[in-house]
Amino acid sequence: MPWNSRKLNDGRTIPEIAFGTWTLGNGQDPIDYVDNALDAGFSHLDTAQAYGNEKEVGIALRESGLAREDVFITTKFSGRDGLSIEQSIRNSLDNLGVKYVDLYLIHHPRLAQPDIPSAWAVMEKIQAEGLAKSIGVSNFEISDLTTLLASAKVKPAANQILLHPYVNVRQAPLVAFCKANDIVVEAYSALTPLTRQRGGPVDKPVNAIAARLDASPDQVLLAWARAKGAVLVTMSSKKERVEGYLKAGDIELTSDDVRDIDVAGALGVRLSARTVLRRVAGLTVLTTAAFGVCTYLGVEIF
Ligand SMILES: NC(=O)C1=CN([C@@H]2O[C@H](COP(=O)(O)OP(=O)(O)OC[C@H]3O[C@@H](n4cnc5c(N)ncnc54)[C@H](O)[C@@H]3O)[C@@H](O)[C@H]2O)C=CC1
Ligand SMILES: O=CCc1c[nH]c2ccccc12
């Protein structure tokens, strides 16, 4: 089963795998790796105002010789340079050298100013004017989506979120909410067990499945995120890896494979210092309250 397209709630389609362009300035020229990706067969590019590379993405697109309608382009409003959402999309279109983008996202809920309903109304106007064929959000939680949906005329077509085995437990309710509301989930950083969280419990099942299927661990992790119902946003500056990502569309995991990765992912959950502090504080408040109640009732604890 190769990578296909998914239907969006506005009737359009989105290719199931995107080539991302956020590189934290690793010194390589984005034109080169976007060229590589388009050459290899990617037909979906993901950029953002914040990535500062829309011009290079546009150059690579023109260099590829591909027709505009054959490449799905996503960019995002990242609240840069004090520009409004409307000014930002026009700026992005200029940078990219295109008349429209296929998907325009609000990069983060805190960028939805002055509030989510007003920002979303501007997104709806942008879509009505044809500057973006589809509109969506990124990094929105259930509460943000609930606020948005309460006044939206157009539902977000997609929510681009962090999704990998170590955040699966935390993100599962959001993924289910998006599914129930017909919002496509786009997963970024699905390869985290191979990059930022190497050496964790997910390695064991991923390596075993990779060996059984004669695949690479990155291909197995992409297949895992796909099994969760997500469109993938990944990247590499290495041509062989880029080609491997595209071949991962042929990998089918069994439900046992997915479960084994889920279980290992749950074991490797990392709590942020803030969460640990919150939990300790919560426990302290609870214990103090319990002691207080017991003292008030005259119950002996020890
Ligand atoms: N909306 C948002 O807030 C965000 C969106 N994104 C989008 O998602 C894209 C992908 O994000 P990433 O975190 O880079 O995704 P990712 O988790 O797919 O990682 C890609 C990285 O994994 C490395 N890799 C692949 N196979 C490997 C292996 N076997 N061993 C070691 N390393 C391996 C690649 O070289 C590449 O640097 C970004 O370029 C951007 O477009 C990323 C972060 C946030
Ligand atoms: O998209 C990846 C991470 C990132 C870089 N700049 C911003 C701005 C707002 C949200 C996320 C990001």
# chains A, B, ... in the order shown; residues from 1 in each chain; ligands from 1
call {"tool": "residues_near_ligand", "arguments": {"ligand": "ligand 1", "cutoff": "7 Å", "atoms": "only C-alpha atoms and all ligand atoms", "output": "ChimeraX atom specification"}}
result
/A:19-23,46-47,107-108,138-139,160-162,188-192,194-195,216-218,233-238,241
call {"tool": "write_last_selection", "arguments": {"atoms": "N, CA and C atoms", "output": "PDB file, in the first residue's frame"}}
result
ATOM      1  N   PHE A  19       7.067  16.593   3.099  1.00  0.00           N
ATOM      2  CA  PHE A  19       8.470  16.862   3.390  1.00  0.00           C
ATOM      3  C   PHE A  19       8.542  18.184   4.149  1.00  0.00           C
ATOM      4  N   GLY A  20       9.013  18.117   5.378  1.00  0.00           N
ATOM      5  CA  GLY A  20       9.108  19.312   6.224  1.00  0.00           C
ATOM      6  C   GLY A  20      10.403  20.054   5.965  1.00  0.00           C
ATOM      7  N   THR A  21      10.408  21.334   6.311  1.00  0.00           N
ATOM      8  CA  THR A  21      11.578  22.155   5.959  1.00  0.00           C
ATOM      9  C   THR A  21      12.154  22.907   7.149  1.00  0.00           C
ATOM     10  N   TRP A  22      11.741  22.525   8.362  1.00  0.00           N
ATOM     11  CA  TRP A  22      12.282  23.193   9.556  1.00  0.00           C
ATOM     12  C   TRP A  22      13.570  22.482   9.949  1.00  0.00           C
ATOM     13  N   THR A  23      14.678  23.189   9.908  1.00  0.00           N
ATOM     14  CA  THR A  23      15.957  22.491  10.071  1.00  0.00           C
ATOM     15  C   THR A  23      16.827  23.084  11.157  1.00  0.00           C
ATOM     16  N   ASP A  46       6.062  21.175   3.448  1.00  0.00           N
ATOM     17  CA  ASP A  46       5.571  21.846   4.658  1.00  0.00           C
ATOM     18  C   ASP A  46       6.585  22.906   5.091  1.00  0.00           C
ATOM     19  N   THR A  47       6.141  24.164   5.090  1.00  0.00           N
ATOM     20  CA  THR A  47       7.016  25.227   5.555  1.00  0.00           C
ATOM     21  C   THR A  47       6.216  26.127   6.511  1.00  0.00           C
ATOM     22  N   HIS A 107       0.087  28.548  13.363  1.00  0.00           N
ATOM     23  CA  HIS A 107       1.184  27.701  13.831  1.00  0.00           C
ATOM     24  C   HIS A 107       1.020  27.257  15.289  1.00  0.00           C
ATOM     25  N   HIS A 108       0.406  28.086  16.093  1.00  0.00           N
ATOM     26  CA  HIS A 108       0.271  27.758  17.522  1.00  0.00           C
ATOM     27  C   HIS A 108      -0.922  28.556  18.067  1.00  0.00           C
ATOM     28  N   SER A 138      -2.321  24.279  14.059  1.00  0.00           N
ATOM     29  CA  SER A 138      -1.204  23.442  14.490  1.00  0.00           C
ATOM     30  C   SER A 138      -1.018  23.622  15.992  1.00  0.00           C
ATOM     31  N   ASN A 139      -0.680  22.550  16.650  1.00  0.00           N
ATOM     32  CA  ASN A 139      -0.432  22.568  18.095  1.00  0.00           C
ATOM     33  C   ASN A 139      -1.669  22.985  18.899  1.00  0.00           C
ATOM     34  N   GLN A 160      -1.920  20.081  12.889  1.00  0.00           N
ATOM     35  CA  GLN A 160      -0.565  19.506  12.830  1.00  0.00           C
ATOM     36  C   GLN A 160       0.000  19.480  14.247  1.00  0.00           C
ATOM     37  N   ILE A 161       0.283  18.267  14.738  1.00  0.00           N
ATOM     38  CA  ILE A 161       0.664  18.119  16.152  1.00  0.00           C
ATOM     39  C   ILE A 161       1.881  17.198  16.323  1.00  0.00           C
ATOM     40  N   LEU A 162       2.483  17.298  17.505  1.00  0.00           N
ATOM     41  CA  LEU A 162       3.563  16.389  17.879  1.00  0.00           C
ATOM     42  C   LEU A 162       2.958  15.003  18.116  1.00  0.00           C
ATOM     43  N   TYR A 188       3.967  15.570  13.367  1.00  0.00           N
ATOM     44  CA  TYR A 188       5.364  15.964  13.181  1.00  0.00           C
ATOM     45  C   TYR A 188       6.225  15.308  14.264  1.00  0.00           C
ATOM     46  N   SER A 189       7.527  15.207  13.964  1.00  0.00           N
ATOM     47  CA  SER A 189       8.512  14.604  14.880  1.00  0.00           C
ATOM     48  C   SER A 189       8.180  13.166  15.269  1.00  0.00           C
ATOM     49  N   ALA A 190       7.610  12.428  14.322  1.00  0.00           N
ATOM     50  CA  ALA A 190       7.283  11.013  14.573  1.00  0.00           C
ATOM     51  C   ALA A 190       8.545  10.173  14.803  1.00  0.00           C
ATOM     52  N   LEU A 191       9.705  10.671  14.349  1.00  0.00           N
ATOM     53  CA  LEU A 191      10.945   9.892  14.484  1.00  0.00           C
ATOM     54  C   LEU A 191      11.711  10.221  15.763  1.00  0.00           C
ATOM     55  N   THR A 192      11.065  10.898  16.697  1.00  0.00           N
ATOM     56  CA  THR A 192      11.724  11.305  17.947  1.00  0.00           C
ATOM     57  C   THR A 192      12.489  10.166  18.643  1.00  0.00           C
ATOM     58  N   LEU A 194      14.304   8.126  17.420  1.00  0.00           N
ATOM     59  CA  LEU A 194      15.608   7.968  16.747  1.00  0.00           C
ATOM     60  C   LEU A 194      16.443   9.243  16.812  1.00  0.00           C
ATOM     61  N   THR A 195      15.824  10.310  17.308  1.00  0.00           N
ATOM     62  CA  THR A 195      16.537  11.589  17.284  1.00  0.00           C
ATOM     63  C   THR A 195      16.695  12.144  18.707  1.00  0.00           C
ATOM     64  N   SER A 216      13.687  -0.213   7.778  1.00  0.00           N
ATOM     65  CA  SER A 216      14.543   0.537   8.706  1.00  0.00           C
ATOM     66  C   SER A 216      13.669   1.060   9.854  1.00  0.00           C
ATOM     67  N   PRO A 217      14.285   1.385  11.011  1.00  0.00           N
ATOM     68  CA  PRO A 217      13.489   1.849  12.152  1.00  0.00           C
ATOM     69  C   PRO A 217      12.671   3.106  11.823  1.00  0.00           C
ATOM     70  N   ASP A 218      13.230   4.006  11.009  1.00  0.00           N
ATOM     71  CA  ASP A 218      12.449   5.213  10.667  1.00  0.00           C
ATOM     72  C   ASP A 218      11.190   4.840   9.880  1.00  0.00           C
ATOM     73  N   VAL A 233       4.546  14.343   8.594  1.00  0.00           N
ATOM     74  CA  VAL A 233       5.428  15.446   8.182  1.00  0.00           C
ATOM     75  C   VAL A 233       6.815  15.095   8.699  1.00  0.00           C
ATOM     76  N   THR A 234       7.718  14.745   7.786  1.00  0.00           N
ATOM     77  CA  THR A 234       9.053  14.340   8.183  1.00  0.00           C
ATOM     78  C   THR A 234      10.066  15.025   7.282  1.00  0.00           C
ATOM     79  N   MET A 235      11.341  14.784   7.512  1.00  0.00           N
ATOM     80  CA  MET A 235      12.340  15.379   6.615  1.00  0.00           C
ATOM     81  C   MET A 235      13.695  14.694   6.783  1.00  0.00           C
ATOM     82  N   SER A 236      14.546  14.853   5.807  1.00  0.00           N
ATOM     83  CA  SER A 236      15.954  14.504   5.938  1.00  0.00           C
ATOM     84  C   SER A 236      16.695  15.215   4.814  1.00  0.00           C
ATOM     85  N   SER A 237      17.954  15.536   5.095  1.00  0.00           N
ATOM     86  CA  SER A 237      18.743  16.148   4.019  1.00  0.00           C
ATOM     87  C   SER A 237      19.477  15.049   3.236  1.00  0.00           C
ATOM     88  N   LYS A 238      19.327  13.787   3.676  1.00  0.00           N
ATOM     89  CA  LYS A 238      20.007  12.682   2.985  1.00  0.00           C
ATOM     90  C   LYS A 238      19.068  12.023   1.985  1.00  0.00           C
ATOM     91  N   ARG A 241      17.687   8.507   2.766  1.00  0.00           N
ATOM     92  CA  ARG A 241      16.627   8.469   3.787  1.00  0.00           C
ATOM     93  C   ARG A 241      15.307   8.937   3.203  1.00  0.00           C
TER      94      ARG A 241
END
call {"tool": "residues_around", "arguments": {"residues": "Gly199 (chain A)", "least_positions_apart": "6", "cutoff": "12 Å", "atoms": "only C-alpha atoms", "output": "VMD selection string"}}
result
chain A and resid 192 to 193 206 to 207 264 to 265 268
call {"tool": "write_last_selection", "arguments": {"atoms": "N, CA, C and O atoms", "output": "compact mmCIF listing (two decimals), in the first residue's frame"}}
result
# COMPACT_ATOMS: atom_id res chain seq x y z
N THR A 192 11.06 10.90 16.70
CA THR A 192 11.72 11.30 17.95
C THR A 192 12.49 10.17 18.64
O THR A 192 13.58 10.40 19.16
N PRO A 193 11.97 8.91 18.66
CA PRO A 193 12.76 7.85 19.30
C PRO A 193 14.13 7.62 18.65
O PRO A 193 15.00 6.99 19.25
N VAL A 206 10.66 -1.59 17.89
CA VAL A 206 10.85 -0.99 16.55
C VAL A 206 11.94 -1.75 15.79
O VAL A 206 11.77 -2.09 14.62
N ASN A 207 13.05 -2.07 16.49
CA ASN A 207 14.14 -2.80 15.82
C ASN A 207 13.70 -4.21 15.43
O ASN A 207 14.04 -4.70 14.35
N ALA A 264 5.59 0.10 24.75
CA ALA A 264 6.95 0.58 25.01
C ALA A 264 6.97 2.11 25.12
O ALA A 264 7.67 2.68 25.96
N GLY A 265 6.18 2.76 24.30
CA GLY A 265 6.10 4.24 24.33
C GLY A 265 5.59 4.73 25.67
O GLY A 265 6.10 5.69 26.25
N GLY A 268 8.17 4.83 28.34
CA GLY A 268 9.25 5.82 28.21
C GLY A 268 8.78 7.25 28.29
O GLY A 268 9.50 8.16 27.90
call {"tool": "residues_around", "arguments": {"residues": "Val269 (chain A)", "least_positions_apart": "5", "cutoff": "10 Å", "atoms": "only C-alpha atoms", "output": "ChimeraX atom specification"}}
result
/A:165-170,200-201,264
call {"tool": "write_last_selection", "arguments": {"atoms": "C-alpha atoms", "output": "PDB file, in the first residue's frame"}}
result
ATOM      1  CA  PRO A 165       5.269   6.772  20.689  1.00  0.00           C
ATOM      2  CA  TYR A 166       6.491   8.635  23.807  1.00  0.00           C
ATOM      3  CA  VAL A 167       3.654  11.192  23.617  1.00  0.00           C
ATOM      4  CA  ASN A 168       1.018   8.761  22.362  1.00  0.00           C
ATOM      5  CA  VAL A 169      -0.765   8.396  25.714  1.00  0.00           C
ATOM      6  CA  ARG A 170      -0.928  12.177  26.148  1.00  0.00           C
ATOM      7  CA  GLY A 200      14.496   4.386  25.091  1.00  0.00           C
ATOM      8  CA  PRO A 201      12.142   1.377  25.438  1.00  0.00           C
ATOM      9  CA  ALA A 264       6.952   0.580  25.009  1.00  0.00           C
TER      10      ALA A 264
END
call {"tool": "residues_around", "arguments": {"residues": "Met123 (chain A)", "least_positions_apart": "3", "cutoff": "12 Å", "atoms": "only C-alpha atoms", "output": "PyMOL selection string"}}
result
chain A and resi 76-77+84-89+103-106+112-113+116-120+126-137+148+152-157
call {"tool": "write_last_selection", "arguments": {"atoms": "N, CA, C and O atoms", "output": "compact mmCIF listing (two decimals), in the first residue's frame"}}
result
# COMPACT_ATOMS: atom_id res chain seq x y z
N LYS A 76 2.50 28.35 7.24
CA LYS A 76 1.83 28.64 8.51
C LYS A 76 2.01 30.10 8.90
O LYS A 76 3.07 30.68 8.63
N PHE A 77 0.99 30.62 9.57
CA PHE A 77 1.10 31.94 10.19
C PHE A 77 1.82 31.75 11.52
O PHE A 77 1.32 31.07 12.41
N SER A 84 -0.06 41.08 10.41
CA SER A 84 -1.35 40.44 10.69
C SER A 84 -1.41 39.12 9.90
O SER A 84 -0.57 38.87 9.02
N ILE A 85 -2.45 38.32 10.18
CA ILE A 85 -2.58 37.05 9.44
C ILE A 85 -2.73 37.34 7.95
O ILE A 85 -2.11 36.68 7.10
N GLU A 86 -3.53 38.37 7.62
CA GLU A 86 -3.77 38.67 6.20
C GLU A 86 -2.49 39.15 5.51
O GLU A 86 -2.19 38.74 4.39
N GLN A 87 -1.74 40.02 6.20
CA GLN A 87 -0.47 40.47 5.61
C GLN A 87 0.50 39.30 5.49
O GLN A 87 1.24 39.20 4.51
N SER A 88 0.46 38.41 6.47
CA SER A 88 1.40 37.28 6.48
C SER A 88 1.17 36.33 5.32
O SER A 88 2.12 35.88 4.68
N ILE A 89 -0.10 36.01 5.04
CA ILE A 89 -0.33 35.06 3.94
C ILE A 89 0.10 35.69 2.61
O ILE A 89 0.74 35.04 1.78
N LEU A 103 -2.66 24.61 1.90
CA LEU A 103 -3.10 24.57 3.30
C LEU A 103 -2.38 25.67 4.08
O LEU A 103 -1.16 25.79 3.99
N TYR A 104 -3.18 26.47 4.78
CA TYR A 104 -2.61 27.54 5.61
C TYR A 104 -2.99 27.27 7.05
O TYR A 104 -4.17 27.04 7.36
N LEU A 105 -1.97 27.23 7.93
CA LEU A 105 -2.21 26.86 9.33
C LEU A 105 -1.87 28.01 10.28
O LEU A 105 -0.92 28.76 10.02
N ILE A 106 -2.59 28.10 11.37
CA ILE A 106 -2.15 28.95 12.50
C ILE A 106 -1.16 28.08 13.27
O ILE A 106 -1.52 26.99 13.75
N ALA A 112 -2.99 33.00 17.85
CA ALA A 112 -4.34 33.35 17.39
C ALA A 112 -4.80 34.59 18.15
O ALA A 112 -5.45 34.49 19.19
N GLN A 113 -4.41 35.75 17.66
CA GLN A 113 -4.69 37.02 18.36
C GLN A 113 -5.76 37.84 17.64
O GLN A 113 -5.85 37.76 16.42
N ILE A 116 -8.92 33.22 19.59
CA ILE A 116 -9.05 32.16 18.58
C ILE A 116 -10.22 32.43 17.61
O ILE A 116 -10.04 32.36 16.39
N PRO A 117 -11.43 32.80 18.10
CA PRO A 117 -12.54 33.02 17.15
C PRO A 117 -12.23 34.12 16.14
O PRO A 117 -12.52 33.98 14.94
N SER A 118 -11.63 35.25 16.59
CA SER A 118 -11.36 36.36 15.65
C SER A 118 -10.29 35.93 14.63
O SER A 118 -10.41 36.24 13.44
N ALA A 119 -9.24 35.26 15.11
CA ALA A 119 -8.18 34.83 14.20
C ALA A 119 -8.73 33.84 13.18
O ALA A 119 -8.40 33.90 11.99
N TRP A 120 -9.62 32.95 13.65
CA TRP A 120 -10.17 31.96 12.73
C TRP A 120 -11.06 32.62 11.66
O TRP A 120 -11.09 32.20 10.49
N ILE A 126 -9.52 34.39 4.27
CA ILE A 126 -8.39 34.04 3.40
C ILE A 126 -8.77 32.89 2.47
O ILE A 126 -8.45 32.90 1.28
N GLN A 127 -9.48 31.92 3.02
CA GLN A 127 -9.91 30.79 2.19
C GLN A 127 -10.95 31.26 1.16
O GLN A 127 -10.86 30.90 -0.02
N ALA A 128 -11.89 32.10 1.60
CA ALA A 128 -12.93 32.59 0.68
C ALA A 128 -12.30 33.38 -0.47
O ALA A 128 -12.80 33.36 -1.60
N GLU A 129 -11.20 34.07 -0.20
CA GLU A 129 -10.53 34.87 -1.24
C GLU A 129 -9.65 34.00 -2.16
O GLU A 129 -9.04 34.51 -3.09
N GLY A 130 -9.52 32.71 -1.81
CA GLY A 130 -8.76 31.79 -2.66
C GLY A 130 -7.26 31.83 -2.42
O GLY A 130 -6.48 31.25 -3.19
N LEU A 131 -6.82 32.51 -1.34
CA LEU A 131 -5.37 32.57 -1.08
C LEU A 131 -4.88 31.24 -0.49
O LEU A 131 -3.71 30.89 -0.65
N ALA A 132 -5.77 30.55 0.19
CA ALA A 132 -5.46 29.21 0.71
C ALA A 132 -6.64 28.32 0.36
O ALA A 132 -7.79 28.69 0.63
N LYS A 133 -6.35 27.17 -0.24
CA LYS A 133 -7.46 26.27 -0.62
C LYS A 133 -8.09 25.66 0.62
O LYS A 133 -9.31 25.49 0.68
N SER A 134 -7.24 25.29 1.59
CA SER A 134 -7.75 24.73 2.85
C SER A 134 -7.10 25.47 4.01
O SER A 134 -5.99 26.01 3.86
N ILE A 135 -7.78 25.48 5.14
CA ILE A 135 -7.25 26.17 6.31
C ILE A 135 -7.27 25.24 7.52
O ILE A 135 -8.14 24.37 7.63
N GLY A 136 -6.30 25.43 8.40
CA GLY A 136 -6.23 24.56 9.56
C GLY A 136 -5.40 25.18 10.67
O GLY A 136 -5.11 26.39 10.66
N VAL A 137 -4.99 24.33 11.61
CA VAL A 137 -4.29 24.81 12.80
C VAL A 137 -3.13 23.88 13.11
O VAL A 137 -3.00 22.81 12.50
N LEU A 148 -12.59 27.15 19.07
CA LEU A 148 -12.66 27.48 17.63
C LEU A 148 -13.97 27.00 17.02
O LEU A 148 -14.67 27.76 16.32
N ALA A 152 -16.92 28.72 14.52
CA ALA A 152 -16.41 28.57 13.15
C ALA A 152 -17.53 28.35 12.13
O ALA A 152 -18.49 27.63 12.41
N LYS A 153 -17.36 28.97 10.96
CA LYS A 153 -18.27 28.65 9.85
C LYS A 153 -17.65 27.50 9.06
O LYS A 153 -18.34 26.68 8.48
N VAL A 154 -16.30 27.50 9.03
CA VAL A 154 -15.56 26.45 8.33
C VAL A 154 -14.73 25.69 9.38
O VAL A 154 -14.01 26.32 10.16
N LYS A 155 -14.85 24.37 9.39
CA LYS A 155 -14.03 23.59 10.33
C LYS A 155 -12.58 23.59 9.90
O LYS A 155 -12.32 23.55 8.67
N PRO A 156 -11.62 23.54 10.81
CA PRO A 156 -10.24 23.37 10.38
C PRO A 156 -10.11 22.03 9.64
O PRO A 156 -10.68 21.03 10.09
N ALA A 157 -9.36 22.05 8.54
CA ALA A 157 -9.20 20.81 7.78
C ALA A 157 -8.18 19.90 8.45
O ALA A 157 -8.26 18.68 8.33
call {"tool": "residues_around", "arguments": {"residues": "Gly41 (chain A)", "least_positions_apart": "6", "cutoff": "12 Å", "atoms": "only C-alpha atoms", "output": "JSON, numbers by chain"}}
result
{"A": [2, 3, 15, 17, 18, 19, 34, 35, 64, 66, 70, 71, 239, 242, 243, 244, 245, 246, 247]}
call {"tool": "write_last_selection", "arguments": {"atoms": "C-alpha atoms", "output": "compact mmCIF listing (two decimals), in the first residue's frame"}}
result
# COMPACT_ATOMS: atom_id res chain seq x y z
CA PRO A 2 1.91 3.12 -1.14
CA TRP A 3 1.39 6.57 0.39
CA PRO A 15 -0.94 13.68 0.24
CA ILE A 17 3.32 12.27 3.59
CA ALA A 18 4.88 15.72 3.58
CA PHE A 19 8.47 16.86 3.39
CA VAL A 34 13.77 20.37 -1.14
CA ASP A 35 15.14 19.60 -4.64
CA SER A 64 11.69 21.00 -10.15
CA LEU A 66 6.61 20.36 -11.57
CA ASP A 70 1.04 18.73 -8.69
CA VAL A 71 2.62 19.91 -5.44
CA LYS A 239 18.68 11.42 -0.32
CA VAL A 242 14.17 10.56 1.77
CA GLU A 243 13.74 7.64 -0.63
CA GLY A 244 13.32 5.28 2.34
CA TYR A 245 10.53 7.47 3.75
CA LEU A 246 8.64 7.19 0.48
CA LYS A 247 9.07 3.39 0.43
